[in-house]
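Undergrad: My questions all concern the structure below.
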2 protein chains.
Amino acid sequence: MNTPRRTTIYDVAAEAGVAPSTVSRTFGNPRRVNATTREHVLRVAERLGYRPSPLATALQSGHKATIAMLVPDITNPHFFGTIRGAERRASEAGVTFILGNTEESAANERNQIERLDHSVDGFVLAASRMSDETTVGIAQSHNLALVNREVDGLPGVVVDSGPGSWQIVEHLASLGHRSVVYLSGPHQSWLANERWKALRSAAERRGITIARLGPFPPKVSGGGAAADAALVSGATALVAHNDLLAIGVLRRLAERGVGVPGRVSVVGYDDIFGADLCVPALTTLAGPEDEAGRVAVELLLRKGSLSTAHPAPQRVVLPAHLVIRDSTGPAAP
Amino acid sequence: MNTPRRTTIYDVAAEAGVAPSTVSRTFGNPRRVNATTREHVLRVAERLGYRPSPLATALQSGHKATIAMLVPDITNPHFFGTIRGAERRASEAGVTFILGNTEESAANERNQIERLDHSVDGFVLAASRMSDETTVGIAQSHNLALVNREVDGLPGVVVDSGPGSWQIVEHLASLGHRSVVYLSGPHQSWLANERWKALRSAAERRGITIARLGPFPPKVSGGGAAADAALVSGATALVAHNDLLAIGVLRRLAERGVGVPGRVSVVGYDDIFGADLCVPALTTLAGPEDEAGRVAVELLLRKGSLSTAHPAPQRVVLPAHLVIRDSTGPAAP
DNA sequence: ACAGCAATGGCAAGCGATTGCCAAAAGTTG
DNA sequence: CAACTTTTGGCAATCGCTTGCCATTGCTGT
């Protein structure tokens, strides 16, 4: 890895017989330099294999062309889509993409932000675990875009679980279910609370009994306890916080010989990879996760550009739709 | 996002009544400054909320404390294990982690490397699509660590598909299969060739007929064509390049009413999330993907430190093991 | 032909650290 | 106590690029 010193604007300038500032402008502010000169400089730069140093640029101009995305659990397939979408959009925009895992911890999240602070233009916070106050505080000095989390005044994108949750309840109701439980995710998860609220209000409207159980870790391994608790409750339909949990529930149910959807129906959220692979295939609320990732990055980028003339939408809601598979069926009599 | 100008070593220096260089040393070379002074500086820095700027540091010292990982397809769950492992290790080492998607293209891979060149200390290349020559060329001026790819003289980690492939063949042979096909991944995939070689030699040793079909895109969607081709071949056992492809194959087979493992057996590689969810559950070669990610980063970090005294192992081979599930069974008579 | 301007290029001062070199202070040694 | 070594802190150059400001140059209009 011997470094033969990289080509700098000075090298190019010398070779092209112009001042370094001219070279700099050629790249960063082309209209500021005469077409002929520009061409010439570009040619020389090309020949010398010049590459601008993002570091030096960032240090001087403050423009880092880099964003970071923080997810609570990089393991969770649910985030794959969002990560993918975000990475794609960033890459398209020529922005480098930093990925961080917060291990479901708000403290960890803060630290990462703190650490990366100097190195990025902004953060995409997916399913942030931080409190509203903390988040607002951070937003004071940082560019943020939230995914699946709403905080007053902050830009973000959510996959709409409201109408989605209603769809779930309607579906269940139409199958004759009268008693439903929601197997909740972490209590500090905004999403968990949102889903619960939506489910409850939908259930009330339909005159259906609904209860919240948990919290359960939103992983396959959380399914055991969740299933057992649900069974005790006597509900005929279980709505899990996410597909991972739902799959865990399905497993446990199979172990215990509880028929799905014969005895109970199971619904998940997210439609992750694998949801249609398990048996019975999982009925789940599918959202455009990729899109969410894209949009979040978009919001961040837009905010950067000072197009205050055309204020970008600060809050985007993406529609979700229920994918009905085999894990839901008529309520047992 | 108004930036009230961040605290710099100068601020700290002024406040603490020392020179900026002392502040710098306090952080970067603590033993160079008197304990008392150090304590004092640290206290002041703390009070002022000083955070070093990685950019400035990198610009001056060349030490970026950042690595990038490039994967061919961020979509593929297979890579998430590796990504996770790599991210973890990087994070533990206080190194920031950049993730890039190369979309299965060697050219894209080169570009990304070029772009990130100035910003990182090294690259983890997962299942790189670049030719050996190109890779060696790049290694001349960049720090590289390869995952599931071997290039002479370059450090890397592979999940050992050799013995693994033998296990597959043994398993199939013991079930009475005499004719096997390998449903290959992309031809420029080193892994695909490696697997093929291992399978073939194992098959020969066992006196089993084996053929290579493909290439097929290593995705679920590639499974249709792969399954059809395999059926025509008349083989009783299909070994797919990876689980995604295997799952696609399973689907197609089910569509066509071909019993698995009744009529044919199917084996995959990687044991991705979902492999045990599908029906029949997939027999597959499981490797420690997380570990591979960790190790790759480790190699990169080690190379950075000039511990030439204790030359780090340049090539790590991780063992794989066959997970036998329901997609393999006795050969049809 | 001349004031008035816009376009273009150069100068030099940063951005926030690191680090080689030097000098002052402190500690050792016989 | 003189002579010497080790610690410790400061100075200032440097990393590669951006950008405000100034000086030229060449047009324009009248």
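Every chain in the structure tokens has a letter given in the order shown (A, B, ...), and although residue numbers restart at 1 in each chain, ligands are simply numbered from 1 in the order shown.
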Write down as number ranges by chain the residues of segment 83-311 of chain A whose backbone DSSP state falls under strand (DSSP E).

TA: A: 96-101, 122-126, 144-147, 156-159, 179-183, 209-213, 237-240, 265-270, 283-286

Undergrad: Suppose we keep N, CA and C atoms; can you now write the selection as a short mmCIF file (atom, residue, chain, number, x, y, z; two decimals), in the first residue's frame?

TA:
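Everything below was put into part-v2.cif:
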data_model
loop_
_atom_site.label_atom_id
_atom_site.label_comp_id
_atom_site.auth_asym_id
_atom_site.auth_seq_id
_atom_site.Cartn_x
_atom_site.Cartn_y
_atom_site.Cartn_z
N THR A 96 -22.22 9.16 -0.41
CA THR A 96 -21.81 7.89 0.18
C THR A 96 -22.64 7.56 1.40
N PHE A 97 -22.77 6.28 1.61
CA PHE A 97 -23.79 5.77 2.50
C PHE A 97 -23.17 5.02 3.67
N ILE A 98 -23.37 5.54 4.85
CA ILE A 98 -22.84 4.88 6.04
C ILE A 98 -23.96 4.16 6.76
N LEU A 99 -23.69 2.94 7.17
CA LEU A 99 -24.72 2.16 7.85
C LEU A 99 -24.33 1.90 9.28
N GLY A 100 -25.24 2.15 10.18
CA GLY A 100 -24.95 1.89 11.58
C GLY A 100 -26.05 1.11 12.25
N ASN A 101 -25.64 0.27 13.17
CA ASN A 101 -26.57 -0.58 13.89
C ASN A 101 -26.66 -0.07 15.31
N GLY A 122 -26.21 14.31 7.13
CA GLY A 122 -27.46 14.06 7.79
C GLY A 122 -27.67 12.60 8.12
N PHE A 123 -28.73 12.35 8.86
CA PHE A 123 -29.02 11.00 9.31
C PHE A 123 -30.41 10.55 8.89
N VAL A 124 -30.49 9.31 8.46
CA VAL A 124 -31.78 8.67 8.33
C VAL A 124 -31.93 7.78 9.54
N LEU A 125 -32.94 8.06 10.33
CA LEU A 125 -33.17 7.26 11.53
C LEU A 125 -34.34 6.32 11.28
N ALA A 126 -34.04 5.05 11.21
CA ALA A 126 -35.11 4.10 10.98
C ALA A 126 -35.62 3.57 12.30
N LEU A 144 -32.05 15.54 10.06
CA LEU A 144 -32.63 14.23 10.31
C LEU A 144 -33.77 13.95 9.34
N ALA A 145 -33.94 12.67 9.04
CA ALA A 145 -35.15 12.21 8.37
C ALA A 145 -35.53 10.91 9.04
N LEU A 146 -36.77 10.83 9.44
CA LEU A 146 -37.20 9.65 10.18
C LEU A 146 -37.93 8.66 9.29
N VAL A 147 -37.78 7.41 9.61
CA VAL A 147 -38.54 6.39 8.92
C VAL A 147 -39.37 5.65 9.97
N GLY A 156 -40.10 13.19 7.73
CA GLY A 156 -40.03 11.75 7.85
C GLY A 156 -40.99 11.06 6.91
N VAL A 157 -40.85 9.78 6.86
CA VAL A 157 -41.74 8.98 6.04
C VAL A 157 -42.23 7.80 6.86
N VAL A 158 -43.51 7.57 6.77
CA VAL A 158 -44.04 6.40 7.47
C VAL A 158 -44.84 5.54 6.52
N VAL A 159 -44.76 4.26 6.75
CA VAL A 159 -45.64 3.37 6.04
C VAL A 159 -46.91 3.34 6.87
N SER A 179 -62.62 -11.71 18.91
CA SER A 179 -61.65 -11.42 19.98
C SER A 179 -60.23 -11.53 19.41
N VAL A 180 -59.53 -10.42 19.53
CA VAL A 180 -58.22 -10.32 18.91
C VAL A 180 -57.18 -9.89 19.95
N VAL A 181 -55.95 -10.37 19.82
CA VAL A 181 -54.89 -9.79 20.65
C VAL A 181 -53.78 -9.24 19.76
N TYR A 182 -53.21 -8.18 20.26
CA TYR A 182 -52.05 -7.60 19.58
C TYR A 182 -50.81 -7.98 20.38
N LEU A 183 -49.91 -8.67 19.74
CA LEU A 183 -48.67 -9.07 20.39
C LEU A 183 -47.65 -7.97 20.12
N THR A 209 -63.51 -7.28 20.55
CA THR A 209 -62.66 -7.23 21.73
C THR A 209 -61.21 -7.29 21.31
N ILE A 210 -60.40 -6.39 21.88
CA ILE A 210 -58.99 -6.46 21.53
C ILE A 210 -58.14 -6.17 22.77
N ALA A 211 -57.03 -6.84 22.87
CA ALA A 211 -56.13 -6.64 24.01
C ALA A 211 -54.71 -6.58 23.52
N ARG A 212 -53.90 -5.89 24.32
CA ARG A 212 -52.49 -5.80 23.96
C ARG A 212 -51.68 -6.65 24.92
N LEU A 213 -50.85 -7.49 24.36
CA LEU A 213 -49.98 -8.34 25.17
C LEU A 213 -48.53 -7.97 24.89
N ALA A 237 -57.79 -14.60 17.11
CA ALA A 237 -56.89 -14.04 16.10
C ALA A 237 -55.74 -13.29 16.77
N LEU A 238 -54.53 -13.54 16.28
CA LEU A 238 -53.35 -12.91 16.85
C LEU A 238 -52.72 -11.99 15.81
N VAL A 239 -52.53 -10.75 16.19
CA VAL A 239 -51.84 -9.83 15.30
C VAL A 239 -50.47 -9.56 15.91
N ALA A 240 -49.44 -9.96 15.21
CA ALA A 240 -48.09 -9.80 15.77
C ALA A 240 -47.48 -8.49 15.32
N SER A 265 -56.10 -17.56 13.97
CA SER A 265 -55.52 -16.91 12.80
C SER A 265 -54.36 -16.04 13.25
N VAL A 266 -53.39 -15.87 12.35
CA VAL A 266 -52.22 -15.07 12.70
C VAL A 266 -51.94 -14.05 11.59
N VAL A 267 -51.68 -12.82 12.01
CA VAL A 267 -51.35 -11.78 11.04
C VAL A 267 -50.05 -11.09 11.47
N GLY A 268 -49.26 -10.72 10.49
CA GLY A 268 -48.02 -10.00 10.80
C GLY A 268 -47.99 -8.64 10.13
N TYR A 269 -46.87 -7.98 10.31
CA TYR A 269 -46.66 -6.70 9.63
C TYR A 269 -45.33 -6.76 8.88
N ASP A 270 -45.28 -6.21 7.73
CA ASP A 270 -44.05 -5.95 6.97
C ASP A 270 -43.87 -6.75 5.69
N THR A 283 -50.34 -14.18 6.43
CA THR A 283 -51.10 -12.99 6.04
C THR A 283 -50.43 -11.81 6.74
N THR A 284 -50.16 -10.79 5.97
CA THR A 284 -49.37 -9.71 6.57
C THR A 284 -49.61 -8.39 5.87
N LEU A 285 -49.31 -7.32 6.56
CA LEU A 285 -49.50 -6.00 5.98
C LEU A 285 -48.21 -5.58 5.27
N ALA A 286 -48.30 -5.47 3.97
CA ALA A 286 -47.10 -5.16 3.20
C ALA A 286 -46.97 -3.67 2.95
#

Undergrad: Which chain A residues are at most 12 Å from chain D (counting only C-alpha atoms (C1' of nucleotides)), as a VMD selection string?

TA: chain A and resid 5 to 11 20 to 29 32 50 to 63

Undergrad: Any idea which chain C residues end up within 8 Å of chain A if we count only C-alpha atoms (C1' of nucleotides), as JSON, numbers by chain please?

TA: {"C": [8, 9, 10, 14, 15, 16]}

Undergrad: Tell me, counting only C-alpha atoms, for each residue of chain A within 9 Å of chain B, which pair of atoms is nearest and how far apart they are in Å to one decimal, in rows ordered by chain and increasing number, as a Markdown table.

TA:
| residue | atom | partner | partner_atom | distance |
| --- | --- | --- | --- | --- |
| A:Met1 | CA | B:Ser141 | CA | 5.0 |
| A:Asn2 | CA | B:Ser141 | CA | 6.7 |
| A:Thr3 | CA | B:Ser141 | CA | 6.6 |
| A:Pro4 | CA | B:Ser141 | CA | 8.7 |
| A:Arg51 | CA | B:Arg115 | CA | 8.1 |
| A:Pro52 | CA | B:His118 | CA | 8.2 |
| A:Ser53 | CA | B:His118 | CA | 5.8 |
| A:Pro54 | CA | B:Ser119 | CA | 6.7 |
| A:Leu55 | CA | B:Leu55 | CA | 5.7 |
| A:Ala56 | CA | B:Leu59 | CA | 6.3 |
| A:Ala58 | CA | B:Leu55 | CA | 7.3 |
| A:Leu59 | CA | B:Leu55 | CA | 6.1 |
| A:Ala68 | CA | B:Ile98 | CA | 8.7 |
| A:Ile74 | CA | B:Arg84 | CA | 6.4 |
| A:Thr75 | CA | B:Arg84 | CA | 6.8 |
| A:Pro77 | CA | B:Pro77 | CA | 7.8 |
| A:Phe80 | CA | B:Thr75 | CA | 7.1 |
| A:Gly81 | CA | B:Thr75 | CA | 7.6 |
| A:Ile83 | CA | B:Ile74 | CA | 8.6 |
| A:Arg84 | CA | B:Ile74 | CA | 6.4 |
| A:Glu87 | CA | B:Gly100 | CA | 7.3 |
| A:Arg88 | CA | B:Asn101 | CA | 7.9 |
| A:Ser91 | CA | B:Gly100 | CA | 8.0 |
| A:Thr96 | CA | B:Ile98 | CA | 7.4 |
| A:Phe97 | CA | B:Ile98 | CA | 5.8 |
| A:Ile98 | CA | B:Ile98 | CA | 4.3 |
| A:Leu99 | CA | B:Ile98 | CA | 6.0 |
| A:Gly100 | CA | B:Phe97 | CA | 7.2 |
| A:Asn101 | CA | B:Glu87 | CA | 7.6 |
| A:Glu114 | CA | B:Arg51 | CA | 8.3 |
| A:Arg115 | CA | B:Arg51 | CA | 8.0 |
| A:Leu116 | CA | B:Thr96 | CA | 7.9 |
| A:Asp117 | CA | B:Ser53 | CA | 8.8 |
| A:His118 | CA | B:Ser53 | CA | 5.8 |
| A:Ser119 | CA | B:Leu55 | CA | 6.6 |
| A:Ala139 | CA | B:Met1 | CA | 7.5 |
| A:Gln140 | CA | B:Met1 | CA | 6.0 |
| A:Ser141 | CA | B:Met1 | CA | 5.0 |
| A:His142 | CA | B:Met1 | CA | 5.7 |
| A:Asn143 | CA | B:Met1 | CA | 6.5 |
| A:Ile247 | CA | B:Leu277 | CA | 8.8 |
| A:Phe273 | CA | B:Gly274 | CA | 7.4 |
| A:Gly274 | CA | B:Gly274 | CA | 5.0 |
| A:Ala275 | CA | B:Gly274 | CA | 8.3 |
| A:Asp276 | CA | B:Cys278 | CA | 8.2 |
| A:Leu277 | CA | B:Cys278 | CA | 4.5 |
| A:Cys278 | CA | B:Leu277 | CA | 4.5 |
| A:Val279 | CA | B:Leu277 | CA | 7.1 |

Undergrad: Just the residues within 10 Å of segment 223-229 of chain B, please, counting only C-alpha atoms (C1' of nucleotides), with nothing from its chain fewer than 3 positions along; format it as a JSON list (two decimals) with N, CA and C atoms, in the first residue's frame.

TA:
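What follows is the written file out_5.json:
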[["chain", "number", "residue", "atom", "x", "y", "z"],
["B", 181, "VAL", "N", -27.21, -32.60, -10.79],
["B", 181, "VAL", "CA", -26.85, -31.41, -11.56],
["B", 181, "VAL", "C", -26.56, -30.25, -10.62],
["B", 182, "TYR", "N", -25.61, -29.46, -11.04],
["B", 182, "TYR", "CA", -25.32, -28.23, -10.30],
["B", 182, "TYR", "C", -25.93, -27.07, -11.07],
["B", 183, "LEU", "N", -26.80, -26.35, -10.44],
["B", 183, "LEU", "CA", -27.44, -25.20, -11.07],
["B", 183, "LEU", "C", -26.59, -23.99, -10.74],
["B", 184, "SER", "N", -25.80, -23.61, -11.69],
["B", 184, "SER", "CA", -24.72, -22.65, -11.42],
["B", 184, "SER", "C", -25.16, -21.20, -11.30],
["B", 213, "LEU", "N", -25.32, -26.85, -15.04],
["B", 213, "LEU", "CA", -26.30, -26.15, -15.87],
["B", 213, "LEU", "C", -26.25, -24.66, -15.52],
["B", 214, "GLY", "N", -26.60, -23.88, -16.48],
["B", 214, "GLY", "CA", -26.66, -22.45, -16.17],
["B", 214, "GLY", "C", -25.72, -21.65, -17.05],
["B", 215, "PRO", "N", -25.36, -20.47, -16.67],
["B", 215, "PRO", "CA", -25.64, -19.79, -15.40],
["B", 215, "PRO", "C", -27.08, -19.33, -15.24],
["B", 216, "PHE", "N", -27.48, -19.28, -14.01],
["B", 216, "PHE", "CA", -28.78, -18.71, -13.66],
["B", 216, "PHE", "C", -28.56, -17.55, -12.71],
["B", 217, "PRO", "N", -29.42, -16.55, -12.80],
["B", 217, "PRO", "CA", -29.30, -15.47, -11.82],
["B", 217, "PRO", "C", -29.54, -16.03, -10.43],
["B", 218, "PRO", "N", -28.67, -15.75, -9.50],
["B", 218, "PRO", "CA", -28.78, -16.36, -8.18],
["B", 218, "PRO", "C", -29.87, -15.72, -7.33],
["B", 219, "LYS", "N", -31.08, -15.76, -7.86],
["B", 219, "LYS", "CA", -32.20, -15.18, -7.15],
["B", 219, "LYS", "C", -33.37, -16.14, -7.22],
["B", 220, "VAL", "N", -34.39, -15.86, -6.46],
["B", 220, "VAL", "CA", -35.56, -16.71, -6.49],
["B", 220, "VAL", "C", -36.10, -16.78, -7.92],
["B", 232, "VAL", "N", -35.22, -31.64, -17.29],
["B", 232, "VAL", "CA", -34.90, -32.21, -18.60],
["B", 232, "VAL", "C", -33.68, -33.12, -18.50],
["B", 233, "SER", "N", -32.74, -32.70, -17.66],
["B", 233, "SER", "CA", -31.50, -33.45, -17.55],
["B", 233, "SER", "C", -31.69, -34.86, -16.99],
["B", 234, "GLY", "N", -32.79, -35.04, -16.31],
["B", 234, "GLY", "CA", -33.06, -36.36, -15.78],
["B", 234, "GLY", "C", -32.36, -36.68, -14.47],
["B", 238, "LEU", "N", -30.72, -32.01, -7.34],
["B", 238, "LEU", "CA", -30.33, -30.70, -7.85],
["B", 238, "LEU", "C", -29.61, -29.93, -6.75],
["B", 240, "ALA", "N", -28.32, -26.32, -5.96],
["B", 240, "ALA", "CA", -28.43, -24.95, -6.47],
["B", 240, "ALA", "C", -27.29, -24.09, -5.94],
["B", 244, "LEU", "N", -31.35, -18.88, -2.43],
["B", 244, "LEU", "CA", -32.35, -18.10, -3.15],
["B", 244, "LEU", "C", -32.78, -18.88, -4.39],
["B", 245, "LEU", "N", -31.79, -19.30, -5.13],
["B", 245, "LEU", "CA", -32.07, -20.07, -6.34],
["B", 245, "LEU", "C", -32.80, -21.36, -5.97],
["B", 246, "ALA", "N", -32.34, -21.99, -4.91],
["B", 246, "ALA", "CA", -32.96, -23.25, -4.49],
["B", 246, "ALA", "C", -34.43, -23.04, -4.15],
["B", 247, "ILE", "N", -34.71, -21.95, -3.49],
["B", 247, "ILE", "CA", -36.10, -21.68, -3.14],
["B", 247, "ILE", "C", -36.92, -21.47, -4.41],
["B", 248, "GLY", "N", -36.36, -20.76, -5.35],
["B", 248, "GLY", "CA", -37.03, -20.58, -6.63],
["B", 248, "GLY", "C", -37.29, -21.92, -7.31],
["B", 249, "VAL", "N", -36.31, -22.77, -7.22],
["B", 249, "VAL", "CA", -36.44, -24.10, -7.81],
["B", 249, "VAL", "C", -37.57, -24.87, -7.14],
["B", 250, "LEU", "N", -37.58, -24.82, -5.83],
["B", 250, "LEU", "CA", -38.62, -25.50, -5.06],
["B", 250, "LEU", "C", -40.00, -25.04, -5.52],
["B", 251, "ARG", "N", -40.13, -23.75, -5.69],
["B", 251, "ARG", "CA", -41.40, -23.18, -6.12],
["B", 251, "ARG", "C", -41.85, -23.76, -7.45],
["B", 252, "ARG", "N", -40.92, -23.68, -8.38],
["B", 252, "ARG", "CA", -41.24, -24.14, -9.72],
["B", 252, "ARG", "C", -41.61, -25.61, -9.70],
["B", 253, "LEU", "N", -40.87, -26.36, -8.94],
["B", 253, "LEU", "CA", -41.12, -27.79, -8.83],
["B", 253, "LEU", "C", -42.53, -28.04, -8.29],
["B", 255, "GLU", "N", -45.04, -26.03, -8.48],
["B", 255, "GLU", "CA", -45.96, -25.63, -9.54],
["B", 255, "GLU", "C", -46.18, -26.75, -10.54],
["B", 256, "ARG", "N", -45.07, -27.39, -10.88],
["B", 256, "ARG", "CA", -45.15, -28.44, -11.88],
["B", 256, "ARG", "C", -45.54, -29.78, -11.28],
["B", 266, "VAL", "N", -33.37, -31.53, -3.47],
["B", 266, "VAL", "CA", -32.81, -30.20, -3.75],
["B", 266, "VAL", "C", -31.91, -29.76, -2.58]]

Undergrad: So which bits of segment 57-222 of chain B end up helix (DSSP H, G or I) when you DSSP the backbone, as JSON, numbers by chain?

TA: {"B": [57, 58, 59, 60, 61, 77, 78, 79, 80, 81, 82, 83, 84, 85, 86, 87, 88, 89, 90, 91, 92, 106, 107, 108, 109, 110, 111, 112, 113, 114, 115, 116, 117, 118, 119, 132, 133, 134, 135, 136, 137, 138, 139, 140, 141, 161, 162, 163, 164, 165, 166, 167, 168, 169, 170, 171, 172, 173, 174, 190, 191, 192, 193, 194, 195, 196, 197, 198, 199, 200, 201, 202, 203, 204, 205, 206, 220, 221, 222]}

Undergrad: Can you pull out every residue within 8 Å of Glu109 of chain A, counting only C-alpha atoms (C1' of nucleotides), but drop anything in the same chain fewer than 6 positions away, and send it as number ranges by chain?

TA: A: 70, 102, 128-130
